$ cat upload00.tsv   # TSV, C-alpha atoms
chain	number	residue	atom	x	y	z
A	876	MET	CA	86.71	178.53	134.45
A	877	PRO	CA	89.22	178.27	131.63
A	878	ILE	CA	89.94	175.11	129.67
A	879	TYR	CA	93.64	174.87	128.90
A	880	SER	CA	93.89	171.96	126.50
A	881	PHE	CA	92.06	169.05	124.96
A	882	TYR	CA	93.42	165.64	123.92
A	883	LEU	CA	91.82	162.78	122.04
A	884	ILE	CA	93.43	159.38	122.53
A	885	SER	CA	92.52	156.29	120.57
A	886	LYS	CA	91.74	152.96	122.20
A	887	SER	CA	95.31	151.82	121.62
A	888	GLY	CA	96.81	154.85	123.31
A	889	SER	CA	97.94	156.90	120.33
A	890	LEU	CA	97.28	160.61	120.20
A	891	LEU	CA	94.60	161.50	117.65
A	892	TYR	CA	94.12	165.16	118.35
A	893	GLN	CA	95.65	167.76	120.59
A	894	LYS	CA	94.80	171.40	121.03
A	895	ASP	CA	95.99	174.05	123.46
A	896	PHE	CA	93.61	176.95	124.00
A	897	HIS	CA	94.84	180.44	124.60
A	898	SER	CA	93.82	181.70	127.95
A	899	GLN	CA	95.23	184.23	130.32
A	900	ASN	CA	97.79	182.93	132.81
A	901	SER	CA	97.54	179.38	131.61
A	902	PRO	CA	100.07	177.32	133.58
A	903	ILE	CA	100.58	174.95	130.68
A	904	SER	CA	103.58	175.56	128.46
A	905	LYS	CA	103.91	174.61	124.83
A	906	GLN	CA	105.59	171.26	124.27
A	907	ASN	CA	107.08	169.77	121.16
A	908	SER	CA	104.99	167.21	119.33
A	909	ASN	CA	106.97	164.29	120.73
A	910	ASP	CA	106.20	165.36	124.28
A	911	TYR	CA	102.49	165.41	123.51
A	912	LEU	CA	102.72	161.81	122.38
A	913	VAL	CA	104.54	160.87	125.56
A	914	ILE	CA	101.96	162.59	127.75
A	915	ALA	CA	99.09	160.94	125.88
A	916	SER	CA	100.47	157.44	126.10
A	917	THR	CA	101.46	157.88	129.74
A	918	LEU	CA	97.93	158.93	130.60
A	919	HIS	CA	96.63	155.93	128.68
A	920	GLY	CA	98.82	153.58	130.70
A	921	VAL	CA	98.14	155.24	134.02
A	922	HIS	CA	94.42	155.03	133.33
A	923	ALA	CA	94.71	151.26	132.96
A	924	ILE	CA	96.91	150.86	136.03
A	925	ALA	CA	94.48	152.84	138.17
A	926	SER	CA	91.77	150.29	137.52
A	927	LYS	CA	94.03	147.52	138.88
A	928	LEU	CA	94.53	149.42	142.10
A	929	THR	CA	90.90	149.49	143.19
A	930	PRO	CA	90.69	148.25	146.81
A	931	GLU	CA	88.43	145.22	147.11
A	932	GLU	CA	86.05	147.01	149.42
A	933	ALA	CA	85.70	149.86	146.95
A	934	MET	CA	84.77	147.74	143.94
A	935	GLY	CA	81.11	148.78	143.88
A	936	ASN	CA	81.51	152.45	144.72
A	937	TYR	CA	80.86	153.63	141.18
A	938	GLU	CA	77.23	152.61	141.56
A	939	LYS	CA	76.82	155.19	144.32
A	940	SER	CA	78.22	158.10	142.35
A	941	ARG	CA	75.50	160.32	141.01
A	942	LEU	CA	77.28	161.09	137.76
A	943	PRO	CA	75.81	160.31	134.38
A	944	THR	CA	76.76	156.75	133.60
A	945	ASN	CA	79.75	156.28	131.38
A	946	SER	CA	82.01	153.40	130.56
A	947	ASN	CA	84.88	154.73	132.66
A	948	ARG	CA	83.90	152.76	135.73
A	949	PHE	CA	87.28	151.65	137.01
A	950	GLY	CA	89.81	153.82	135.24
A	951	LEU	CA	91.26	157.16	136.19
A	952	GLN	CA	88.72	159.96	136.20
A	953	CYS	CA	90.26	163.10	137.62
A	954	ILE	CA	93.74	164.25	138.55
A	955	THR	CA	94.19	167.33	140.70
A	956	THR	CA	97.51	169.13	140.74
A	957	ALA	CA	98.37	172.39	142.42
A	958	LYS	CA	97.98	174.34	139.15
A	959	PHE	CA	95.43	172.49	137.03
A	960	LYS	CA	93.07	169.54	136.83
A	961	ILE	CA	92.96	166.72	134.31
A	962	PHE	CA	89.66	165.02	133.49
A	963	ILE	CA	89.56	161.73	131.61
A	964	HIS	CA	86.42	160.50	129.93
A	965	GLN	CA	86.35	157.11	128.26
A	966	THR	CA	83.67	156.20	125.77
A	967	THR	CA	82.28	152.72	125.18
A	968	THR	CA	84.56	152.26	122.20
A	969	GLY	CA	87.68	153.04	124.22
A	970	LEU	CA	88.25	156.55	122.93
A	971	LYS	CA	89.53	158.88	125.63
A	972	LEU	CA	88.69	162.57	125.83
A	973	ILE	CA	91.07	164.40	128.13
A	974	LEU	CA	90.63	167.94	129.35
A	975	PHE	CA	93.19	170.08	131.14
A	976	THR	CA	91.28	172.72	133.07
A	977	SER	CA	91.72	175.21	135.87
A	978	ASN	CA	91.17	174.03	139.41
A	979	ASP	CA	87.66	175.44	139.82
A	980	VAL	CA	86.04	173.20	137.21
A	981	SER	CA	83.93	170.44	138.74
A	982	LEU	CA	83.64	166.87	137.54
A	983	ILE	CA	80.07	167.40	136.41
A	984	GLN	CA	80.95	170.46	134.32
A	985	ALA	CA	83.85	168.62	132.74
A	986	THR	CA	81.66	165.62	131.95
A	987	GLN	CA	79.14	167.89	130.24
A	988	LEU	CA	81.81	169.54	128.14
A	989	GLN	CA	83.34	166.19	127.23
A	990	GLY	CA	79.92	165.05	126.11
A	991	GLN	CA	79.64	168.04	123.78
A	992	LEU	CA	83.11	167.46	122.43
A	993	TYR	CA	82.33	163.81	121.85
A	994	LYS	CA	79.27	164.86	119.93
A	995	SER	CA	81.29	167.07	117.62
A	996	TYR	CA	83.78	164.21	117.18
A	997	ALA	CA	80.95	161.92	116.15
A	998	ASP	CA	79.49	164.53	113.80
A	999	TYR	CA	82.56	166.03	112.17
A	1000	VAL	CA	85.16	163.27	112.31
A	1001	LEU	CA	83.38	159.94	112.20
A	1002	LYS	CA	80.90	161.11	109.58
A	1003	ASN	CA	83.67	162.47	107.42
A	1004	PRO	CA	84.18	160.04	104.53
A	1005	PHE	CA	87.86	160.94	104.29
A	1006	TYR	CA	88.65	159.93	107.84
A	1007	ARG	CA	90.37	156.63	108.51
A	1008	LEU	CA	89.82	155.22	111.99
A	1009	ASP	CA	92.62	155.61	114.54
A	1010	MET	CA	94.52	158.06	112.39
A	1011	PRO	CA	95.40	161.58	113.56
A	1012	ILE	CA	92.57	164.06	113.02
A	1013	ARG	CA	93.35	167.03	110.76
A	1014	PHE	CA	90.06	168.66	109.77
A	1015	ARG	CA	89.41	172.40	109.76
A	1016	LEU	CA	85.73	171.89	110.51
A	1017	PHE	CA	86.41	169.79	113.62
A	1018	ASP	CA	89.01	172.33	114.74
A	1019	ASP	CA	86.47	175.13	114.46
A	1020	LYS	CA	83.77	173.18	116.26
A	1021	VAL	CA	86.04	172.29	119.16
A	1022	LEU	CA	87.07	175.91	119.41
A	1023	THR	CA	83.47	177.18	119.48
A	1024	VAL	CA	82.44	174.60	122.10
A	1025	VAL	CA	85.35	175.47	124.34
A	1026	THR	CA	85.25	179.24	123.89
A	1027	GLY	CA	81.50	179.14	124.46
A	1028	TYR	CA	82.29	177.45	127.75
A	1029	ASN	CA	85.22	179.71	128.66
A	1030	ALA	CA	83.22	182.88	128.13
B	489	MET	CA	83.60	158.32	153.78
B	490	THR	CA	86.18	155.60	154.18
B	491	ILE	CA	89.93	155.30	154.42
B	492	TYR	CA	91.17	152.15	152.71
B	493	SER	CA	94.94	152.21	153.02
B	494	PHE	CA	98.00	154.29	153.79
B	495	TRP	CA	101.47	154.02	152.24
B	496	ILE	CA	104.89	155.62	152.78
B	497	TYR	CA	107.72	155.45	150.23
B	498	ASP	CA	111.23	156.64	150.92
B	499	LYS	CA	113.42	158.53	148.45
B	500	HIS	CA	114.78	155.27	147.03
B	501	CYS	CA	111.25	154.33	145.94
B	502	ASN	CA	110.97	151.55	148.53
B	503	CYS	CA	107.71	151.14	150.33
B	504	ILE	CA	108.73	151.49	153.96
B	505	TYR	CA	105.28	151.39	155.50
B	506	SER	CA	101.96	150.05	154.35
B	507	ARG	CA	98.75	149.87	156.30
B	508	GLU	CA	95.45	148.54	155.08
B	509	TYR	CA	92.22	149.02	156.92
B	510	THR	CA	89.32	146.62	156.62
B	511	HIS	CA	85.96	148.07	157.40
B	512	SER	CA	83.55	145.20	156.85
B	513	ASN	CA	81.57	144.86	160.05
B	514	LYS	CA	80.85	141.26	159.15
B	515	SER	CA	84.44	140.09	159.59
B	516	ALA	CA	84.80	142.05	162.82
B	517	HIS	CA	81.68	140.41	164.15
B	518	ALA	CA	82.92	136.96	163.08
B	519	GLN	CA	86.21	137.50	164.88
B	520	ARG	CA	84.44	138.63	167.98
B	521	THR	CA	82.16	135.60	168.12
B	522	ALA	CA	85.12	133.33	167.40
B	523	SER	CA	87.10	134.74	170.30
B	524	VAL	CA	84.12	134.33	172.61
B	525	LEU	CA	83.67	130.72	171.49
B	526	ILE	CA	87.31	129.86	172.03
B	527	SER	CA	87.47	131.45	175.43
B	528	SER	CA	84.19	130.10	176.77
B	529	PRO	CA	85.63	127.27	178.99
B	530	GLY	CA	87.33	129.50	181.55
B	531	ALA	CA	85.66	132.55	183.07
B	532	THR	CA	88.93	134.37	183.68
B	533	VAL	CA	90.03	133.86	180.09
B	534	THR	CA	86.73	135.27	178.86
B	535	ALA	CA	87.29	138.42	180.85
B	536	ASP	CA	90.78	138.71	179.41
B	537	SER	CA	89.76	138.21	175.82
B	538	SER	CA	86.90	140.67	176.15
B	539	GLY	CA	89.44	143.23	177.31
B	540	VAL	CA	91.53	142.60	174.23
B	541	GLU	CA	88.43	142.73	172.13
B	542	MET	CA	87.50	146.10	173.55
B	543	GLN	CA	90.94	147.33	172.63
B	544	ASN	CA	90.54	145.92	169.19
B	545	GLY	CA	87.15	147.49	168.80
B	546	MET	CA	88.08	150.92	170.08
B	547	GLY	CA	91.81	151.42	169.52
B	548	ALA	CA	93.44	149.48	166.72
B	549	PRO	CA	91.28	149.13	163.63
B	550	GLN	CA	91.36	145.89	161.67
B	551	GLY	CA	93.65	145.41	158.73
B	552	THR	CA	97.25	144.57	157.96
B	553	VAL	CA	100.52	146.36	158.67
B	554	ASN	CA	103.52	146.06	156.34
B	555	LYS	CA	102.05	143.01	154.60
B	556	ARG	CA	101.98	144.37	151.06
B	557	ASN	CA	105.16	146.45	150.85
B	558	ASP	CA	106.69	144.46	148.01
B	559	ASP	CA	103.69	143.18	146.10
B	560	ASN	CA	102.44	144.51	142.80
B	561	ILE	CA	99.79	146.82	144.24
B	562	SER	CA	102.41	148.81	146.08
B	563	LYS	CA	104.62	149.04	143.01
B	564	LEU	CA	101.77	150.07	140.72
B	565	LEU	CA	100.68	152.75	143.17
B	566	PHE	CA	104.16	154.17	143.21
B	567	GLY	CA	104.32	153.95	139.43
B	568	ILE	CA	101.14	155.96	139.02
B	569	CYS	CA	102.35	158.67	141.35
B	570	PHE	CA	105.69	158.81	139.60
B	571	SER	CA	104.16	159.14	136.12
B	572	LEU	CA	101.59	161.70	137.16
B	573	ARG	CA	104.23	163.77	138.88
B	574	LYS	CA	106.31	163.66	135.75
B	575	ILE	CA	103.40	164.83	133.59
B	576	ALA	CA	102.46	167.58	136.03
B	577	ASN	CA	106.01	168.89	136.12
B	578	SER	CA	106.88	168.62	132.45
B	579	ILE	CA	103.76	170.36	131.21
B	580	THR	CA	103.92	173.31	133.60
B	581	LYS	CA	105.66	176.54	132.78
B	582	GLY	CA	108.94	176.54	134.61
B	583	GLY	CA	109.24	178.85	137.55
B	584	ALA	CA	112.71	177.42	137.95
B	585	GLU	CA	114.48	179.39	135.22
B	586	THR	CA	113.45	182.76	136.56
B	587	ALA	CA	114.77	181.90	139.98
B	588	ARG	CA	117.97	180.38	138.68
B	589	ASP	CA	119.53	183.58	137.37
B	590	GLY	CA	121.04	185.64	140.10
B	591	ASP	CA	120.02	184.86	143.60
B	592	GLU	CA	121.23	181.70	145.22
B	593	SER	CA	118.57	181.51	147.89
B	594	PHE	CA	116.60	178.29	147.94
B	595	ASP	CA	112.87	178.52	147.57
B	596	SER	CA	110.89	175.34	148.00
B	597	ASN	CA	108.20	176.67	145.67
B	598	ILE	CA	110.42	176.33	142.61
B	599	VAL	CA	110.90	172.60	143.12
B	600	ASN	CA	108.92	170.67	140.49
B	601	ASN	CA	108.10	173.90	138.65
B	602	GLY	CA	105.94	174.87	141.58
B	603	ASN	CA	103.46	172.19	140.67
B	604	ARG	CA	102.63	168.94	142.43
B	605	VAL	CA	99.99	166.28	142.13
B	606	ARG	CA	97.52	166.54	144.98
B	607	THR	CA	94.97	163.82	144.32
B	608	PHE	CA	93.80	161.48	141.63
B	609	SER	CA	90.52	159.62	141.61
B	610	THR	CA	88.44	157.05	139.82
B	611	LEU	CA	84.77	156.45	140.38
B	612	ASN	CA	85.72	153.92	143.05
B	613	TYR	CA	88.49	155.47	145.09
B	614	LYS	CA	90.65	158.53	145.51
B	615	CYS	CA	94.37	158.82	146.29
B	616	HIS	CA	95.87	161.75	148.14
B	617	LEU	CA	99.57	162.38	147.75
B	618	TYR	CA	102.03	164.32	149.83
B	619	GLU	CA	105.72	164.59	149.11
B	620	THR	CA	108.31	166.17	151.34
B	621	LEU	CA	111.39	167.97	150.03
B	622	THR	CA	113.50	165.02	151.12
B	623	GLY	CA	111.65	162.78	148.66
B	624	LEU	CA	109.49	160.95	151.15
B	625	LYS	CA	106.08	160.19	149.69
B	626	MET	CA	102.94	159.56	151.69
B	627	ILE	CA	99.81	158.25	150.02
B	628	VAL	CA	96.39	157.65	151.49
B	629	VAL	CA	93.58	155.89	149.62
B	630	THR	CA	90.01	156.89	150.45
B	631	ASP	CA	86.64	156.76	148.79
B	632	MET	CA	85.96	159.31	146.07
B	633	GLN	CA	83.65	161.65	147.98
B	634	CYS	CA	86.42	162.46	150.42
B	635	ARG	CA	87.79	166.01	150.65
B	636	ASP	CA	91.47	166.69	149.89
B	637	LEU	CA	93.51	165.13	152.69
B	638	GLY	CA	96.82	166.76	151.70
B	639	THR	CA	96.95	168.96	154.77
B	640	GLU	CA	96.16	165.98	156.96
B	641	LEU	CA	99.07	164.09	155.43
B	642	ALA	CA	101.38	167.03	156.02
B	643	ASN	CA	100.16	167.21	159.57
B	644	LEU	CA	100.67	163.47	160.04
B	645	PHE	CA	104.22	163.85	158.77
B	646	ASN	CA	104.95	166.75	161.11
B	647	THR	CA	103.53	165.13	164.20
B	648	VAL	CA	103.68	161.35	163.98
B	649	TYR	CA	106.43	160.63	161.44
B	650	VAL	CA	108.96	163.20	162.58
B	651	ARG	CA	108.48	162.36	166.22
B	652	ASN	CA	108.48	158.56	165.96
B	653	VAL	CA	110.75	157.83	163.01
B	654	VAL	CA	113.06	160.76	162.30
B	655	GLU	CA	113.73	161.59	165.94
B	656	ASN	CA	113.80	157.92	166.90
B	657	CYS	CA	117.40	156.72	167.37
B	658	ALA	CA	116.33	153.09	166.90
B	659	CYS	CA	114.98	153.78	163.40
B	660	PRO	CA	117.44	153.67	160.52
B	661	VAL	CA	117.98	156.87	158.53
B	662	GLU	CA	118.12	154.95	155.26
B	663	PHE	CA	115.86	151.94	155.01
B	664	ARG	CA	117.44	148.97	153.28
B	665	PRO	CA	115.24	146.93	150.91
B	666	GLY	CA	113.13	144.65	153.06
B	667	GLU	CA	113.41	146.94	156.05
B	668	TYR	CA	110.17	148.59	157.16
B	669	ILE	CA	108.96	150.89	159.89
B	670	ASP	CA	108.01	148.22	162.41
B	671	ASN	CA	107.63	150.58	165.30
B	672	THR	CA	104.48	150.00	167.34
B	673	ILE	CA	104.37	153.56	168.63
B	674	PHE	CA	104.39	154.83	165.07
B	675	THR	CA	101.75	152.31	163.96
B	676	ASP	CA	99.51	153.23	166.89
B	677	GLY	CA	100.07	156.93	166.26
B	678	VAL	CA	99.12	156.61	162.60
B	679	ASP	CA	96.09	154.49	163.44
B	680	SER	CA	94.80	156.89	166.04
B	681	TYR	CA	95.42	159.84	163.71
B	682	TRP	CA	93.34	158.31	160.93
B	683	THR	CA	90.62	156.89	163.16
B	684	ASN	CA	90.10	160.28	164.77
B	685	LEU	CA	89.24	161.83	161.42
B	686	VAL	CA	85.62	162.16	160.39
B	687	GLU	CA	86.53	160.50	157.09
B	688	PHE	CA	87.46	157.22	158.75
B	689	LYS	CA	84.55	154.82	159.03

$ encode --input "upload00.tsv" --output "structure tokens"
Amino acid sequence: MPIYSFYLISKSGSLLYQKDFHSQNSPISKQNSNDYLVIASTLHGVHAIASKLTPEEAMGNYEKSRLPTNSNRFGLQCITTAKFKIFIHQTTTGLKLILFTSNDVSLIQATQLQGQLYKSYADYVLKNPFYRLDMPIRFRLFDDKVLTVVTGYNA
Amino acid sequence: MTIYSFWIYDKHCNCIYSREYTHSNKSAHAQRTASVLISSPGATVTADSSGVEMQNGMGAPQGTVNKRNDDNISKLLFGICFSLRKIANSITKGGAETARDGDESFDSNIVNNGNRVRTFSTLNYKCHLYETLTGLKMIVVTDMQCRDLGTELANLFNTVYVRNVVENCACPVEFRPGEYIDNTIFTDGVDSYWTNLVEFK
């Protein structure tokens, strides 16, 4: 169950952090940095549009889902394509954690992993005195932590 | 398991068919009692209306046909599909370059880098997409527990759409803006296809 890449998007839709993980036969190709920004902001917009599209009859369906409660009640949660899946997790503060994974990862597994990644964000980015909010994240320690969380999961 | 709506877009991005299903039993019941009340004076009329009602209850499900083709919901739905398709294609390793050198034979697998968006979901609903090589898009909106209906959409295209729209001489090949599939055989075919699925409730 490989994880292909991980994105962090701020509440205003700008890309804070992006990492591609090396895995065998990953369908995801390397993009230039501008393309990553485009992808991040498109996902941010699409997430908002998806909440507008909720059919009236379906408004309360999120209460029935047995997933751990999160603040992403109406927005986009999961995108399935023929080659990979995209999972979007939104925190209460509007930060989005996005995972590109292989097709056999379930929503519950992805939510767990996103929880772990959010924890390392809280510990190694927010508690870093040199970090300014909503600025791109460039910390070795956070890099390493993300890598250990994901490789621990991939293995 | 519920199916909320069904949409078809042609290659010019126009919504040529939209169908919304309403499932609330309350409204159905209200309609039924209303029809009985109206038709109560004459016995013959009552019999008639009950016949219609039976048809309504069994055959055609409630909802609207081609009522929302040009409103914002339809446009936003198309916009989402368009953006997601763009992401899915741009981020995937191209299978297209390898096929381009040398052989001229056309392989449908290399279109869109061999990748396509199948579904996307929120905690409230799930959308299933199917796109033909001619650029026709079919979208069905269900609840989020639903399985992937991509094969069902392909099947619907092959049976109902091809037979009642493509092979229908009275249907235009290119739909002008404001022109929809207003073909009762097609509408009935689509309705019966969806209502016969386990997912429809």

$ atom_distance --input "upload00.tsv" --atom1 "CA of Phe494 (chain B)" --atom2 "CA of Asp631 (chain B)"
12.7 Å

$ atom_distance --input "upload00.tsv" --atom1 "CA of Met1010 (chain A)" --atom2 "CA of Leu970 (chain A)"
12.4 Å

$ interface_residues --input "upload00.tsv" --of "chain B" --to "chain A" --cutoff "10 Å" --atoms "all atoms listed in the file" --output "PyMOL selection string"
chain B and resi 490+492-493+508-512+560-562+564-565+567-569+571-582+602-617+629-633+636

$ atom_distance --input "upload00.tsv" --atom1 "CA of Tyr1028 (chain A)" --atom2 "CA of Asn601 (chain B)"
28.2 Å

$ residues_around --input "upload00.tsv" --residues "Tyr996 (chain A)" --least-positions-apart "6" --cutoff "10 Å" --atoms "all atoms listed in the file" --output "ChimeraX atom specification"
/A:883,990,1002-1003,1012,1017-1018,1020-1021

$ build_atoms --input "upload00.tsv" --residues "region 888-922 of chain A" --atoms "N, CA and C atoms" --output "short mmCIF file (atom, residue, chain, number, x, y, z; two decimals), in the coordinates of the input"
data_model
loop_
_atom_site.label_atom_id
_atom_site.label_comp_id
_atom_site.auth_asym_id
_atom_site.auth_seq_id
_atom_site.Cartn_x
_atom_site.Cartn_y
_atom_site.Cartn_z
N GLY A 888 95.92 153.96 122.60
CA GLY A 888 96.81 154.85 123.31
C GLY A 888 97.56 155.84 122.45
N SER A 889 97.24 155.91 121.16
CA SER A 889 97.94 156.90 120.33
C SER A 889 97.16 158.21 120.30
N LEU A 890 97.89 159.28 120.15
CA LEU A 890 97.28 160.61 120.20
C LEU A 890 96.62 160.93 118.86
N LEU A 891 95.31 161.19 118.89
CA LEU A 891 94.60 161.50 117.65
C LEU A 891 94.51 163.00 117.41
N TYR A 892 94.38 163.74 118.49
CA TYR A 892 94.12 165.16 118.35
C TYR A 892 94.59 165.87 119.61
N GLN A 893 95.20 167.00 119.42
CA GLN A 893 95.65 167.76 120.59
C GLN A 893 95.50 169.23 120.30
N LYS A 894 94.94 169.97 121.23
CA LYS A 894 94.80 171.40 121.03
C LYS A 894 94.99 172.14 122.34
N ASP A 895 95.85 173.15 122.31
CA ASP A 895 95.99 174.05 123.46
C ASP A 895 95.16 175.28 123.19
N PHE A 896 94.42 175.74 124.18
CA PHE A 896 93.61 176.95 124.00
C PHE A 896 94.31 178.12 124.67
N HIS A 897 94.21 179.25 124.02
CA HIS A 897 94.84 180.44 124.60
C HIS A 897 93.98 180.95 125.72
N SER A 898 94.56 181.06 126.87
CA SER A 898 93.82 181.70 127.95
C SER A 898 94.82 182.42 128.83
N GLN A 899 94.32 183.43 129.51
CA GLN A 899 95.23 184.23 130.32
C GLN A 899 95.79 183.38 131.45
N ASN A 900 97.00 183.66 131.81
CA ASN A 900 97.79 182.93 132.81
C ASN A 900 97.51 181.43 132.83
N SER A 901 97.61 180.84 131.68
CA SER A 901 97.54 179.38 131.61
C SER A 901 98.86 178.81 132.12
N PRO A 902 98.82 177.85 133.04
CA PRO A 902 100.07 177.32 133.58
C PRO A 902 100.75 176.34 132.64
N ILE A 903 100.07 176.01 131.54
CA ILE A 903 100.58 174.95 130.68
C ILE A 903 101.45 175.53 129.58
N SER A 904 102.66 175.03 129.47
CA SER A 904 103.58 175.56 128.46
C SER A 904 103.49 174.72 127.20
N LYS A 905 103.95 175.32 126.12
CA LYS A 905 103.91 174.61 124.83
C LYS A 905 105.00 173.54 124.81
N GLN A 906 104.64 172.37 124.35
CA GLN A 906 105.59 171.26 124.27
C GLN A 906 105.87 170.99 122.80
N ASN A 907 106.93 170.21 122.54
CA ASN A 907 107.08 169.77 121.16
C ASN A 907 106.23 168.53 120.92
N SER A 908 106.01 168.20 119.65
CA SER A 908 104.99 167.21 119.33
C SER A 908 105.31 165.84 119.94
N ASN A 909 106.60 165.56 120.12
CA ASN A 909 106.97 164.29 120.73
C ASN A 909 106.50 164.21 122.18
N ASP A 910 106.62 165.33 122.88
CA ASP A 910 106.20 165.36 124.28
C ASP A 910 104.70 165.11 124.42
N TYR A 911 103.93 165.65 123.46
CA TYR A 911 102.49 165.41 123.51
C TYR A 911 102.18 163.93 123.39
N LEU A 912 102.93 163.25 122.52
CA LEU A 912 102.72 161.81 122.38
C LEU A 912 103.05 161.08 123.67
N VAL A 913 104.14 161.51 124.31
CA VAL A 913 104.54 160.87 125.56
C VAL A 913 103.47 161.06 126.63
N ILE A 914 102.97 162.31 126.74
CA ILE A 914 101.96 162.59 127.75
C ILE A 914 100.71 161.75 127.49
N ALA A 915 100.30 161.68 126.21
CA ALA A 915 99.09 160.94 125.88
C ALA A 915 99.24 159.46 126.22
N SER A 916 100.36 158.88 125.85
CA SER A 916 100.47 157.44 126.10
C SER A 916 100.69 157.16 127.58
N THR A 917 101.33 158.09 128.30
CA THR A 917 101.46 157.88 129.74
C THR A 917 100.09 157.90 130.41
N LEU A 918 99.26 158.87 130.01
CA LEU A 918 97.93 158.93 130.60
C LEU A 918 97.13 157.68 130.28
N HIS A 919 97.32 157.16 129.07
CA HIS A 919 96.63 155.93 128.68
C HIS A 919 97.04 154.78 129.60
N GLY A 920 98.34 154.65 129.84
CA GLY A 920 98.82 153.58 130.70
C GLY A 920 98.39 153.74 132.14
N VAL A 921 98.50 154.97 132.64
CA VAL A 921 98.14 155.24 134.02
C VAL A 921 96.65 154.97 134.26
N HIS A 922 95.85 155.28 133.25
CA HIS A 922 94.42 155.03 133.33
C HIS A 922 94.15 153.54 133.55
#
